[in-house]
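Data file: final.csv. Format and content: CSV, C-alpha atoms and all ligand atoms.
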```
chain,number,residue,atom,x,y,z
A,1,MET,CA,-73.1,29.3,6.5
A,2,ILE,CA,-73.8,26.0,4.7
A,3,ARG,CA,-71.0,26.7,2.3
A,4,LYS,CA,-68.7,27.3,5.3
A,5,MET,CA,-69.7,24.0,6.9
A,6,ILE,CA,-69.1,22.1,3.7
A,7,MET,CA,-65.7,23.6,3.4
A,8,SER,CA,-64.8,22.7,6.9
A,9,VAL,CA,-66.0,19.1,6.5
A,10,CYS,CA,-63.9,18.9,3.4
A,11,SER,CA,-60.8,20.2,5.1
A,12,VAL,CA,-61.4,17.8,8.0
A,13,SER,CA,-61.6,14.9,5.6
A,14,VAL,CA,-58.3,16.1,3.9
A,15,VAL,CA,-56.6,16.1,7.3
A,16,LEU,CA,-58.0,12.6,8.0
A,17,LEU,CA,-56.7,11.3,4.7
A,18,VAL,CA,-53.3,12.8,5.3
A,19,ALA,CA,-53.2,11.3,8.8
A,20,ALA,CA,-54.3,7.9,7.4
A,21,GLY,CA,-51.6,8.1,4.8
A,22,SER,CA,-48.8,8.8,7.2
A,23,ALA,CA,-50.0,6.1,9.6
A,24,ALA,CA,-49.9,3.6,6.7
A,25,ALA,CA,-46.4,4.8,5.8
A,26,LYS,CA,-45.3,4.4,9.5
A,27,SER,CA,-46.7,0.9,9.8
A,28,ALA,CA,-45.1,-0.3,6.5
A,29,LYS,CA,-41.9,-2.2,7.5
A,30,PRO,CA,-39.0,-1.7,5.1
A,31,ALA,CA,-38.4,-5.0,3.2
A,32,LYS,CA,-35.3,-6.8,4.5
A,33,GLU,CA,-32.5,-5.8,2.0
A,34,ASP,CA,-30.9,-8.6,0.0
A,35,PRO,CA,-27.2,-8.7,1.3
A,36,ALA,CA,-25.8,-9.1,-2.2
A,37,LYS,CA,-27.7,-6.0,-3.3
A,38,ARG,CA,-26.2,-4.0,-0.4
A,39,GLY,CA,-22.8,-5.6,-1.3
A,40,GLU,CA,-23.1,-4.3,-4.8
A,41,TYR,CA,-23.7,-0.8,-3.5
A,42,LEU,CA,-20.7,-1.0,-1.1
A,43,VAL,CA,-18.4,-2.3,-3.8
A,44,MET,CA,-19.5,0.7,-5.9
A,45,VAL,CA,-19.0,3.3,-3.2
A,46,GLY,CA,-15.9,1.5,-2.0
A,47,GLY,CA,-14.3,2.0,-5.4
A,48,CYS,CA,-13.3,-1.7,-5.7
A,49,ASN,CA,-13.7,-1.5,-9.5
A,50,ASP,CA,-11.4,1.4,-9.8
A,51,CYS,CA,-8.5,-0.9,-8.9
A,52,HIS,CA,-9.7,-4.5,-9.3
A,53,THR,CA,-11.2,-4.1,-12.8
A,54,PRO,CA,-8.7,-3.4,-15.7
A,55,MET,CA,-9.2,0.1,-17.1
A,56,LYS,CA,-9.8,0.8,-20.8
A,57,MET,CA,-9.6,4.1,-22.5
A,58,THR,CA,-13.0,5.5,-23.7
A,59,PRO,CA,-14.0,8.9,-25.2
A,60,ILE,CA,-14.7,10.1,-21.7
A,61,GLY,CA,-11.4,8.9,-20.2
A,62,PRO,CA,-10.2,5.7,-18.6
A,63,MET,CA,-13.1,3.5,-17.3
A,64,PRO,CA,-13.2,0.0,-15.8
A,65,ASP,CA,-13.8,-2.6,-18.4
A,66,MET,CA,-16.9,-4.3,-17.0
A,67,GLU,CA,-16.5,-7.3,-19.3
A,68,ARG,CA,-13.6,-8.2,-17.0
A,69,MET,CA,-15.2,-6.9,-13.8
A,70,LEU,CA,-13.0,-7.4,-10.7
A,71,SER,CA,-10.8,-9.9,-12.4
A,72,GLY,CA,-7.5,-8.2,-11.5
A,73,HIS,CA,-4.2,-7.9,-13.3
A,74,PRO,CA,-4.5,-9.7,-16.7
A,75,GLU,CA,-2.5,-12.9,-16.8
A,76,GLY,CA,0.6,-12.6,-19.0
A,77,GLN,CA,0.6,-8.9,-19.3
A,78,PRO,CA,4.2,-7.5,-19.4
A,79,ASP,CA,5.4,-5.6,-16.3
A,80,PRO,CA,5.5,-1.8,-16.4
A,81,ALA,CA,8.6,-1.0,-18.5
A,82,SER,CA,9.4,2.5,-17.1
A,83,THR,CA,12.2,3.1,-14.7
A,84,LEU,CA,11.2,5.1,-11.6
A,85,GLY,CA,12.8,8.5,-11.4
A,86,LYS,CA,14.0,9.7,-8.0
A,87,ASN,CA,10.7,11.7,-7.5
A,88,ASP,CA,8.4,8.9,-8.7
A,89,LEU,CA,6.5,6.8,-6.3
A,90,VAL,CA,4.9,4.5,-8.8
A,91,ALA,CA,4.7,3.4,-12.5
A,92,SER,CA,1.8,1.4,-13.8
A,93,GLY,CA,0.8,-0.5,-17.0
A,94,PRO,CA,-1.8,0.2,-19.7
A,95,ASP,CA,-4.8,-0.6,-17.4
A,96,LEU,CA,-3.6,0.4,-13.9
A,97,THR,CA,-3.5,-3.1,-12.6
A,98,ALA,CA,0.2,-3.3,-11.9
A,99,TRP,CA,1.9,-1.0,-9.4
A,100,LYS,CA,5.7,-0.6,-9.7
A,101,PHE,CA,7.0,0.9,-6.5
A,102,PRO,CA,10.6,1.6,-5.5
A,103,PHE,CA,10.4,-1.6,-3.3
A,104,GLY,CA,9.0,-3.9,-6.0
A,105,ILE,CA,5.9,-4.7,-8.2
A,106,ASN,CA,2.5,-5.5,-6.9
A,107,TYR,CA,-0.5,-6.7,-8.9
A,108,VAL,CA,-4.2,-6.1,-8.3
A,109,ARG,CA,-5.9,-9.4,-7.5
A,110,ASN,CA,-8.8,-11.4,-8.9
A,111,LEU,CA,-11.9,-11.0,-6.7
A,112,THR,CA,-14.3,-13.1,-8.8
A,113,PRO,CA,-15.6,-16.5,-7.6
A,114,ASP,CA,-13.4,-18.5,-10.0
A,115,LYS,CA,-10.8,-20.7,-8.3
A,116,THR,CA,-8.1,-18.4,-9.6
A,117,GLY,CA,-9.8,-15.6,-7.7
A,118,LEU,CA,-11.6,-15.9,-4.3
A,119,GLY,CA,-13.3,-19.2,-5.3
A,120,GLU,CA,-11.7,-21.3,-2.6
A,121,TRP,CA,-11.8,-18.6,0.1
A,122,THR,CA,-14.3,-18.7,3.0
A,123,GLU,CA,-16.3,-15.7,4.2
A,124,ALA,CA,-14.3,-15.7,7.4
A,125,GLN,CA,-11.0,-15.6,5.5
A,126,PHE,CA,-12.3,-12.7,3.4
A,127,ILE,CA,-13.4,-10.7,6.5
A,128,LYS,CA,-10.1,-11.4,8.3
A,129,THR,CA,-8.1,-10.3,5.3
A,130,LEU,CA,-9.7,-6.8,5.4
A,131,ARG,CA,-9.4,-6.6,9.2
A,132,THR,CA,-5.7,-7.7,9.4
A,133,GLY,CA,-4.1,-6.7,6.1
A,134,ARG,CA,-2.9,-10.3,5.6
A,135,HIS,CA,-3.7,-12.6,2.7
A,136,GLN,CA,-6.6,-14.9,3.9
A,137,GLY,CA,-6.2,-13.3,7.3
A,138,GLU,CA,-2.9,-15.1,8.2
A,139,GLY,CA,-0.7,-15.1,5.1
A,140,ARG,CA,1.7,-12.5,3.8
A,141,ALA,CA,1.1,-8.8,4.2
A,142,LEU,CA,-1.2,-7.1,1.8
A,143,LEU,CA,0.8,-4.3,0.0
A,144,PRO,CA,-0.2,-0.9,-1.2
A,145,PRO,CA,-2.3,0.5,-2.7
A,146,MET,CA,-4.9,-1.9,-1.3
A,147,PRO,CA,-6.7,0.3,1.3
A,148,TRP,CA,-7.8,-2.8,3.4
A,149,PHE,CA,-7.7,-0.7,6.6
A,150,ASN,CA,-10.5,1.6,5.3
A,151,PHE,CA,-12.8,-1.5,4.7
A,152,GLY,CA,-11.6,-3.4,7.8
A,153,GLY,CA,-13.5,-0.9,10.0
A,154,MET,CA,-16.8,-1.9,8.4
A,155,THR,CA,-19.4,-3.8,10.4
A,156,ASP,CA,-19.5,-7.6,10.0
A,157,GLU,CA,-22.9,-7.2,8.3
A,158,ASP,CA,-21.4,-4.9,5.6
A,159,LEU,CA,-18.4,-7.1,5.0
A,160,LYS,CA,-20.7,-10.2,4.7
A,161,ALA,CA,-22.8,-8.2,2.2
A,162,ILE,CA,-19.7,-7.5,0.1
A,163,TRP,CA,-18.8,-11.2,0.3
A,164,ALA,CA,-22.3,-12.2,-0.8
A,165,TYR,CA,-22.1,-9.9,-3.8
A,166,LEU,CA,-18.6,-11.1,-4.7
A,167,ARG,CA,-20.0,-14.7,-4.7
A,168,SER,CA,-22.7,-13.7,-7.1
A,169,ILE,CA,-20.7,-12.1,-9.9
A,170,LYS,CA,-19.4,-13.7,-13.1
A,171,PRO,CA,-16.4,-16.0,-12.3
A,172,ILE,CA,-13.4,-15.1,-14.5
A,173,LYS,CA,-10.4,-17.4,-14.9
A,174,ASN,CA,-7.3,-15.2,-14.5
A,175,VAL,CA,-4.2,-16.1,-12.5
A,176,VAL,CA,-2.6,-13.0,-11.0
A,177,PRO,CA,1.2,-13.2,-10.3
A,178,ASP,CA,2.5,-13.0,-6.8
A,179,PRO,CA,4.1,-9.6,-5.9
A,180,LYS,CA,7.8,-9.3,-7.0
A,181,VAL,CA,8.8,-7.9,-3.6
A,182,PRO,CA,11.9,-9.1,-1.6
A,183,PRO,CA,11.1,-11.1,1.6
A,184,PRO,CA,12.5,-8.5,4.0
A,185,VAL,CA,10.1,-5.9,2.6
A,186,LEU,CA,7.2,-8.3,3.0
A,187,GLU,CA,8.3,-8.8,6.6
A,188,GLN,CA,8.4,-5.1,7.2
A,189,PHE,CA,4.9,-4.7,5.8
A,190,LEU,CA,3.7,-7.4,8.2
A,191,LYS,CA,4.8,-5.1,11.0
A,192,ASN,CA,3.5,-2.0,9.4
A,193,ASN,CA,0.1,-3.6,8.8
A,194,ALA,CA,-0.2,-4.7,12.5
A,195,ALA,CA,0.6,-1.1,13.5
A,196,ILE,CA,-2.1,0.2,11.1
A,197,VAL,CA,-4.7,-2.2,12.5
A,198,ASP,CA,-4.1,-0.7,16.0
A,199,ILE,CA,-4.2,2.9,14.8
A,200,VAL,CA,-7.0,2.8,12.2
A,201,ILE,CA,-9.2,0.0,13.2
A,202,ASN,CA,-8.7,-0.2,17.0
A,203,HIS,CA,-8.2,3.5,17.4
A,204,LYS,CA,-5.1,3.2,19.6
A,205,ALA,CA,-2.8,6.1,19.9
A,206,PRO,CA,0.1,5.9,17.3
A,207,PRO,CA,3.5,4.9,18.8
A,208,ALA,CA,5.3,7.9,20.3
A,209,PRO,CA,7.9,9.3,17.9
A,210,PRO,CA,11.5,8.6,18.9
A,211,PRO,CA,12.9,11.3,21.3
A,212,ALA,CA,14.2,14.2,19.4
A,213,ALA,CA,18.0,14.2,19.0
A,214,ALA,CA,19.6,16.5,21.6
A,215,PRO,CA,20.7,19.7,19.9
A,216,ALA,CA,24.3,19.5,19.0
A,217,PRO,CA,26.3,21.8,21.4
A,218,ALA,CA,27.1,25.0,19.6
A,219,ALA,CA,30.7,24.3,18.8
A,220,ALA,CA,32.7,27.3,18.4
A,221,ALA,CA,33.3,27.5,14.7
A,222,PRO,CA,36.9,27.5,13.9
A,223,ALA,CA,37.9,30.9,12.9
A,224,ALA,CA,38.5,31.1,9.3
A,225,PRO,CA,42.1,31.8,8.7
A,226,ALA,CA,42.5,35.4,7.9
A,227,LYS,CA,43.1,35.9,4.2
A,228,LYS,CA,46.3,37.6,3.5
B,1,LIG,C1,-6.5,1.8,-4.6
B,1,LIG,C2,-6.7,0.5,-5.2
B,1,LIG,C3,-7.6,-0.6,-4.6
B,1,LIG,C4,-8.9,-0.4,-4.1
B,1,LIG,C5,-9.8,0.8,-4.2
B,1,LIG,C6,-9.3,-1.7,-3.7
B,1,LIG,N1,-8.3,-2.6,-3.8
B,1,LIG,FE1,-8.3,-4.6,-3.1
B,1,LIG,N2,-6.4,-4.8,-3.7
B,1,LIG,C7,-5.6,-3.8,-4.4
B,1,LIG,C8,-4.3,-4.4,-4.6
B,1,LIG,C9,-3.2,-3.7,-5.3
B,1,LIG,C10,-4.3,-5.7,-4.1
B,1,LIG,C11,-3.1,-6.6,-4.1
B,1,LIG,C12,-2.4,-6.5,-2.7
B,1,LIG,C13,-1.3,-7.5,-2.6
B,1,LIG,O1,-1.3,-8.5,-3.3
B,1,LIG,O2,-0.5,-7.4,-1.7
B,1,LIG,C14,-5.6,-5.9,-3.5
B,1,LIG,C15,-6.0,-7.0,-2.8
B,1,LIG,C16,-7.2,-7.3,-2.3
B,1,LIG,C17,-7.6,-8.5,-1.6
B,1,LIG,C18,-6.7,-9.6,-1.2
B,1,LIG,C19,-6.7,-10.7,-2.2
B,1,LIG,C20,-5.6,-11.7,-1.9
B,1,LIG,O3,-5.4,-12.6,-2.8
B,1,LIG,O4,-4.9,-11.6,-0.9
B,1,LIG,C21,-9.0,-8.4,-1.3
B,1,LIG,C22,-9.8,-9.4,-0.6
B,1,LIG,C23,-9.4,-7.1,-1.9
B,1,LIG,N3,-8.3,-6.4,-2.4
B,1,LIG,C24,-10.7,-6.7,-1.8
B,1,LIG,C25,-11.1,-5.4,-2.2
B,1,LIG,C26,-12.4,-4.9,-2.0
B,1,LIG,C27,-13.6,-5.7,-1.5
B,1,LIG,C28,-12.4,-3.6,-2.4
B,1,LIG,C29,-13.5,-2.5,-2.4
B,1,LIG,C30,-14.3,-2.5,-1.1
B,1,LIG,C31,-11.0,-3.2,-2.8
B,1,LIG,N4,-10.3,-4.4,-2.6
B,1,LIG,C32,-10.6,-2.0,-3.2
B,1,LIG,C33,-6.0,-2.6,-4.7
B,1,LIG,C34,-7.2,-2.0,-4.4
```

Re-express the file's structure as structure tokens.
Ligand code: HEC
Amino acid sequence: MIRKMIMSVCSVSVVLLVAAGSAAAKSAKPAKEDPAKRGEYLVMVGGCNDCHTPMKMTPIGPMPDMERMLSGHPEGQPDPASTLGKNDLVASGPDLTAWKFPFGINYVRNLTPDKTGLGEWTEAQFIKTLRTGRHQGEGRALLPPMPWFNFGGMTDEDLKAIWAYLRSIKPIKNVVPDPKVPPPVLEQFLKNNAAIVDIVINHKAPPAPPPAAAPAPAAAAPAAPAKK
């Protein structure tokens, strides 16, 4: 009997301890996360390094060269030499920072806080760039393969966190060339990007496809002249 009582007292105290522990866990407020830390995480899962950091070959395959983290297409590097075949969409250079498309060549840009990168940008310009697909939010159209529309749908808070992180990284001096793309193509991309904003970010229905061409009347095929 006494033994039974001791056991039940023990189990009551275990229950109380557990209850006290979970109450303490509930009342502990999560510490406010440092925006730059969250930005670092978003840059990692957003794959920014996969394009904005030059790749180098390693024993386990091509990896971003973190000594040049987010510094973009290296200044002075020759353009991709290959000519595109009729089934090729793109050719690239030794580190995947230049993209030669049938419409021209585009270079991955420097996102570090040096003035050759985003040093002179404001947070508002950065956010507007990703929301509109235009350089600094009002300049030329951003060209493929920058997936700005995927990031443009993020919350203000997340985009500000990415900005805070990009401000905190090592500045690297590296002037990236402007795209070698003819002005009419840039004009067309401005229109394309505006349409993409509506579809991907504002969730508007895509424009209706042009009415299907009326089927050609089945013209009587001229009878083949009978072979003699
Ligand atoms: C698939 C490749 C790719 C990925 C992934 C990518 N970018 Fe880009 N990004 C590019 C290319 C290429 C350009 C250049 C576009 C141009 O000049 O038209 C660019 C341009 C930009 C620009 C515009 C800079 C300017 O000078 O106008 C910003 C800002 C940017 N990227 C931020 C990011 C961020 C932040 C991430 C990750 C969250 C990211 N990018 C992920 C390829 C990529």

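Between A:Ser71 and the candidates A:Leu111, A:Ala194, A:Ala141, A:Val90, the tightest atom-to-atom separation, counting all atoms listed in the file, involves A:Leu111.
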
Per residue of chain A within 7 Å of ligand LIG 1 (chain B), note the shortest atom pair and the distance in Å to one decimal, counting only C-alpha atoms and all ligand atoms, and order the rows by chain and increasing residue number, as a Markdown table.
```
| residue | atom | partner | partner_atom | distance |
| --- | --- | --- | --- | --- |
| A:Leu42 | CA | B:LIG1 | C30 | 6.6 |
| A:Val43 | CA | B:LIG1 | C30 | 4.9 |
| A:Gly46 | CA | B:LIG1 | C30 | 4.4 |
| A:Gly47 | CA | B:LIG1 | C5 | 4.8 |
| A:Cys48 | CA | B:LIG1 | C29 | 3.4 |
| A:Asn49 | CA | B:LIG1 | C5 | 7.0 |
| A:Asp50 | CA | B:LIG1 | C5 | 5.9 |
| A:Cys51 | CA | B:LIG1 | C2 | 4.3 |
| A:His52 | CA | B:LIG1 | N1 | 6.0 |
| A:Asn106 | CA | B:LIG1 | O1 | 6.0 |
| A:Tyr107 | CA | B:LIG1 | C9 | 5.4 |
| A:Val108 | CA | B:LIG1 | C9 | 4.0 |
| A:Arg109 | CA | B:LIG1 | C11 | 5.2 |
| A:Leu111 | CA | B:LIG1 | C24 | 6.6 |
| A:Phe126 | CA | B:LIG1 | C22 | 5.8 |
| A:Thr129 | CA | B:LIG1 | C22 | 6.2 |
| A:Leu130 | CA | B:LIG1 | C22 | 6.5 |
| A:Arg134 | CA | B:LIG1 | O4 | 6.9 |
| A:His135 | CA | B:LIG1 | O4 | 3.9 |
| A:Gln136 | CA | B:LIG1 | O4 | 6.1 |
| A:Ala141 | CA | B:LIG1 | O2 | 6.3 |
| A:Leu142 | CA | B:LIG1 | O2 | 3.6 |
| A:Leu143 | CA | B:LIG1 | O2 | 3.8 |
| A:Pro144 | CA | B:LIG1 | C9 | 5.8 |
| A:Pro145 | CA | B:LIG1 | C1 | 4.8 |
| A:Met146 | CA | B:LIG1 | C33 | 3.6 |
| A:Pro147 | CA | B:LIG1 | C4 | 5.9 |
| A:Trp148 | CA | B:LIG1 | N4 | 6.7 |
| A:Phe151 | CA | B:LIG1 | C30 | 6.1 |
| A:Ile162 | CA | B:LIG1 | C27 | 6.6 |
| A:Asp178 | CA | B:LIG1 | O1 | 6.9 |
| A:Pro179 | CA | B:LIG1 | O1 | 6.1 |
```

Same residues, C-alpha atoms, output as an mmCIF file, in the frame of the given file:
```cif
data_model
loop_
_atom_site.group_PDB
_atom_site.id
_atom_site.type_symbol
_atom_site.label_atom_id
_atom_site.label_comp_id
_atom_site.auth_asym_id
_atom_site.auth_seq_id
_atom_site.Cartn_x
_atom_site.Cartn_y
_atom_site.Cartn_z
ATOM 1 C CA LEU A 42 -20.700 -1.000 -1.100
ATOM 2 C CA VAL A 43 -18.400 -2.300 -3.800
ATOM 3 C CA GLY A 46 -15.900 1.500 -2.000
ATOM 4 C CA GLY A 47 -14.300 2.000 -5.400
ATOM 5 C CA CYS A 48 -13.300 -1.700 -5.700
ATOM 6 C CA ASN A 49 -13.700 -1.500 -9.500
ATOM 7 C CA ASP A 50 -11.400 1.400 -9.800
ATOM 8 C CA CYS A 51 -8.500 -0.900 -8.900
ATOM 9 C CA HIS A 52 -9.700 -4.500 -9.300
ATOM 10 C CA ASN A 106 2.500 -5.500 -6.900
ATOM 11 C CA TYR A 107 -0.500 -6.700 -8.900
ATOM 12 C CA VAL A 108 -4.200 -6.100 -8.300
ATOM 13 C CA ARG A 109 -5.900 -9.400 -7.500
ATOM 14 C CA LEU A 111 -11.900 -11.000 -6.700
ATOM 15 C CA PHE A 126 -12.300 -12.700 3.400
ATOM 16 C CA THR A 129 -8.100 -10.300 5.300
ATOM 17 C CA LEU A 130 -9.700 -6.800 5.400
ATOM 18 C CA ARG A 134 -2.900 -10.300 5.600
ATOM 19 C CA HIS A 135 -3.700 -12.600 2.700
ATOM 20 C CA GLN A 136 -6.600 -14.900 3.900
ATOM 21 C CA ALA A 141 1.100 -8.800 4.200
ATOM 22 C CA LEU A 142 -1.200 -7.100 1.800
ATOM 23 C CA LEU A 143 0.800 -4.300 0.000
ATOM 24 C CA PRO A 144 -0.200 -0.900 -1.200
ATOM 25 C CA PRO A 145 -2.300 0.500 -2.700
ATOM 26 C CA MET A 146 -4.900 -1.900 -1.300
ATOM 27 C CA PRO A 147 -6.700 0.300 1.300
ATOM 28 C CA TRP A 148 -7.800 -2.800 3.400
ATOM 29 C CA PHE A 151 -12.800 -1.500 4.700
ATOM 30 C CA ILE A 162 -19.700 -7.500 0.100
ATOM 31 C CA ASP A 178 2.500 -13.000 -6.800
ATOM 32 C CA PRO A 179 4.100 -9.600 -5.900
#
```

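We find atom CA of A:Ala208 and atom CA of A:Phe149 to be spaced 20.8 Å apart.
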
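With only C-alpha atoms taken into account, the protein and nucleic acid residues at most 7 Å from A:Lys56 (excluding it and anything under 5 positions from it in its own chain) are A:Pro62, A:Met63, A:Pro64, A:Asp65, A:Asp95.
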
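Considering only C-alpha atoms, the residue among A:Gly93, A:Pro102, A:Gly137, A:Gly85 positioned nearest to A:Glu123 is A:Gly137.
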
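In this structure, atom CA of A:Lys100 sits 24.6 Å away from atom CA of A:Val197.
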
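For the set A:Trp121, A:Trp163, A:Tyr41, A:Trp99, the residue with the smallest atom-to-atom gap to A:Val181 is A:Trp99, counting only C-alpha atoms.
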
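From atom CA of A:Leu89 back to atom CA of A:Val185, the distance works out to 15.9 Å.
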
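Closest approach to A:Met55 from the set A:Leu159, A:Arg140, A:Glu33, A:Leu96 is made by A:Leu96, with distances taken over only C-alpha atoms.
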
Your completed stretch 165-188 of chain A with N, CA and C atoms, as a PDB file, keeping the file's coordinate frame:
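Below you can see result34.pdb, which holds the result:
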```pdb
ATOM      1  N   TYR A 165     -22.058 -10.415  -2.407  1.00  0.00           N
ATOM      2  CA  TYR A 165     -22.100  -9.900  -3.800  1.00  0.00           C
ATOM      3  C   TYR A 165     -20.932 -10.496  -4.591  1.00  0.00           C
ATOM      4  N   LEU A 166     -19.717 -10.561  -3.998  1.00  0.00           N
ATOM      5  CA  LEU A 166     -18.600 -11.100  -4.700  1.00  0.00           C
ATOM      6  C   LEU A 166     -18.812 -12.575  -5.130  1.00  0.00           C
ATOM      7  N   ARG A 167     -19.588 -13.298  -4.330  1.00  0.00           N
ATOM      8  CA  ARG A 167     -20.000 -14.700  -4.700  1.00  0.00           C
ATOM      9  C   ARG A 167     -20.893 -14.740  -5.846  1.00  0.00           C
ATOM     10  N   SER A 168     -21.653 -13.632  -6.065  1.00  0.00           N
ATOM     11  CA  SER A 168     -22.700 -13.700  -7.100  1.00  0.00           C
ATOM     12  C   SER A 168     -22.289 -13.227  -8.441  1.00  0.00           C
ATOM     13  N   ILE A 169     -21.069 -12.685  -8.568  1.00  0.00           N
ATOM     14  CA  ILE A 169     -20.700 -12.100  -9.900  1.00  0.00           C
ATOM     15  C   ILE A 169     -20.083 -13.168 -10.790  1.00  0.00           C
ATOM     16  N   LYS A 170     -19.884 -12.768 -12.062  1.00  0.00           N
ATOM     17  CA  LYS A 170     -19.400 -13.700 -13.100  1.00  0.00           C
ATOM     18  C   LYS A 170     -17.951 -14.175 -12.704  1.00  0.00           C
ATOM     19  N   PRO A 171     -17.723 -15.534 -12.593  1.00  0.00           N
ATOM     20  CA  PRO A 171     -16.400 -16.000 -12.300  1.00  0.00           C
ATOM     21  C   PRO A 171     -15.476 -15.783 -13.549  1.00  0.00           C
ATOM     22  N   ILE A 172     -14.284 -15.264 -13.368  1.00  0.00           N
ATOM     23  CA  ILE A 172     -13.400 -15.100 -14.500  1.00  0.00           C
ATOM     24  C   ILE A 172     -12.051 -15.754 -14.174  1.00  0.00           C
ATOM     25  N   LYS A 173     -11.632 -16.656 -15.104  1.00  0.00           N
ATOM     26  CA  LYS A 173     -10.400 -17.400 -14.900  1.00  0.00           C
ATOM     27  C   LYS A 173      -9.222 -16.452 -15.226  1.00  0.00           C
ATOM     28  N   ASN A 174      -8.416 -16.127 -14.249  1.00  0.00           N
ATOM     29  CA  ASN A 174      -7.300 -15.200 -14.500  1.00  0.00           C
ATOM     30  C   ASN A 174      -6.316 -15.340 -13.306  1.00  0.00           C
ATOM     31  N   VAL A 175      -5.154 -15.927 -13.598  1.00  0.00           N
ATOM     32  CA  VAL A 175      -4.200 -16.100 -12.500  1.00  0.00           C
ATOM     33  C   VAL A 175      -3.330 -14.833 -12.398  1.00  0.00           C
ATOM     34  N   VAL A 176      -3.381 -14.223 -11.223  1.00  0.00           N
ATOM     35  CA  VAL A 176      -2.600 -13.000 -11.000  1.00  0.00           C
ATOM     36  C   VAL A 176      -1.264 -13.395 -10.374  1.00  0.00           C
ATOM     37  N   PRO A 177      -0.154 -12.830 -10.892  1.00  0.00           N
ATOM     38  CA  PRO A 177       1.200 -13.200 -10.300  1.00  0.00           C
ATOM     39  C   PRO A 177       1.305 -12.732  -8.878  1.00  0.00           C
ATOM     40  N   ASP A 178       2.160 -13.427  -8.127  1.00  0.00           N
ATOM     41  CA  ASP A 178       2.500 -13.000  -6.800  1.00  0.00           C
ATOM     42  C   ASP A 178       3.319 -11.697  -6.891  1.00  0.00           C
ATOM     43  N   PRO A 179       3.325 -10.880  -5.844  1.00  0.00           N
ATOM     44  CA  PRO A 179       4.100  -9.600  -5.900  1.00  0.00           C
ATOM     45  C   PRO A 179       5.600  -9.954  -6.106  1.00  0.00           C
ATOM     46  N   LYS A 180       6.291  -9.108  -6.863  1.00  0.00           N
ATOM     47  CA  LYS A 180       7.800  -9.300  -7.000  1.00  0.00           C
ATOM     48  C   LYS A 180       8.374  -8.287  -5.993  1.00  0.00           C
ATOM     49  N   VAL A 181       8.378  -8.724  -4.753  1.00  0.00           N
ATOM     50  CA  VAL A 181       8.800  -7.900  -3.600  1.00  0.00           C
ATOM     51  C   VAL A 181       9.726  -8.737  -2.763  1.00  0.00           C
ATOM     52  N   PRO A 182      10.929  -8.248  -2.394  1.00  0.00           N
ATOM     53  CA  PRO A 182      11.900  -9.100  -1.600  1.00  0.00           C
ATOM     54  C   PRO A 182      11.294  -9.451  -0.232  1.00  0.00           C
ATOM     55  N   PRO A 183      11.608 -10.682   0.269  1.00  0.00           N
ATOM     56  CA  PRO A 183      11.100 -11.100   1.600  1.00  0.00           C
ATOM     57  C   PRO A 183      11.249 -10.140   2.716  1.00  0.00           C
ATOM     58  N   PRO A 184      12.415  -9.449   2.851  1.00  0.00           N
ATOM     59  CA  PRO A 184      12.500  -8.500   4.000  1.00  0.00           C
ATOM     60  C   PRO A 184      11.504  -7.396   3.923  1.00  0.00           C
ATOM     61  N   VAL A 185      11.144  -6.986   2.701  1.00  0.00           N
ATOM     62  CA  VAL A 185      10.100  -5.900   2.600  1.00  0.00           C
ATOM     63  C   VAL A 185       8.773  -6.441   2.992  1.00  0.00           C
ATOM     64  N   LEU A 186       8.485  -7.693   2.610  1.00  0.00           N
ATOM     65  CA  LEU A 186       7.200  -8.300   3.000  1.00  0.00           C
ATOM     66  C   LEU A 186       7.133  -8.384   4.544  1.00  0.00           C
ATOM     67  N   GLU A 187       8.259  -8.753   5.158  1.00  0.00           N
ATOM     68  CA  GLU A 187       8.300  -8.800   6.600  1.00  0.00           C
ATOM     69  C   GLU A 187       8.022  -7.477   7.256  1.00  0.00           C
ATOM     70  N   GLN A 188       8.628  -6.426   6.662  1.00  0.00           N
ATOM     71  CA  GLN A 188       8.400  -5.100   7.200  1.00  0.00           C
ATOM     72  C   GLN A 188       6.950  -4.679   7.082  1.00  0.00           C
TER      73      GLN A 188
END
```
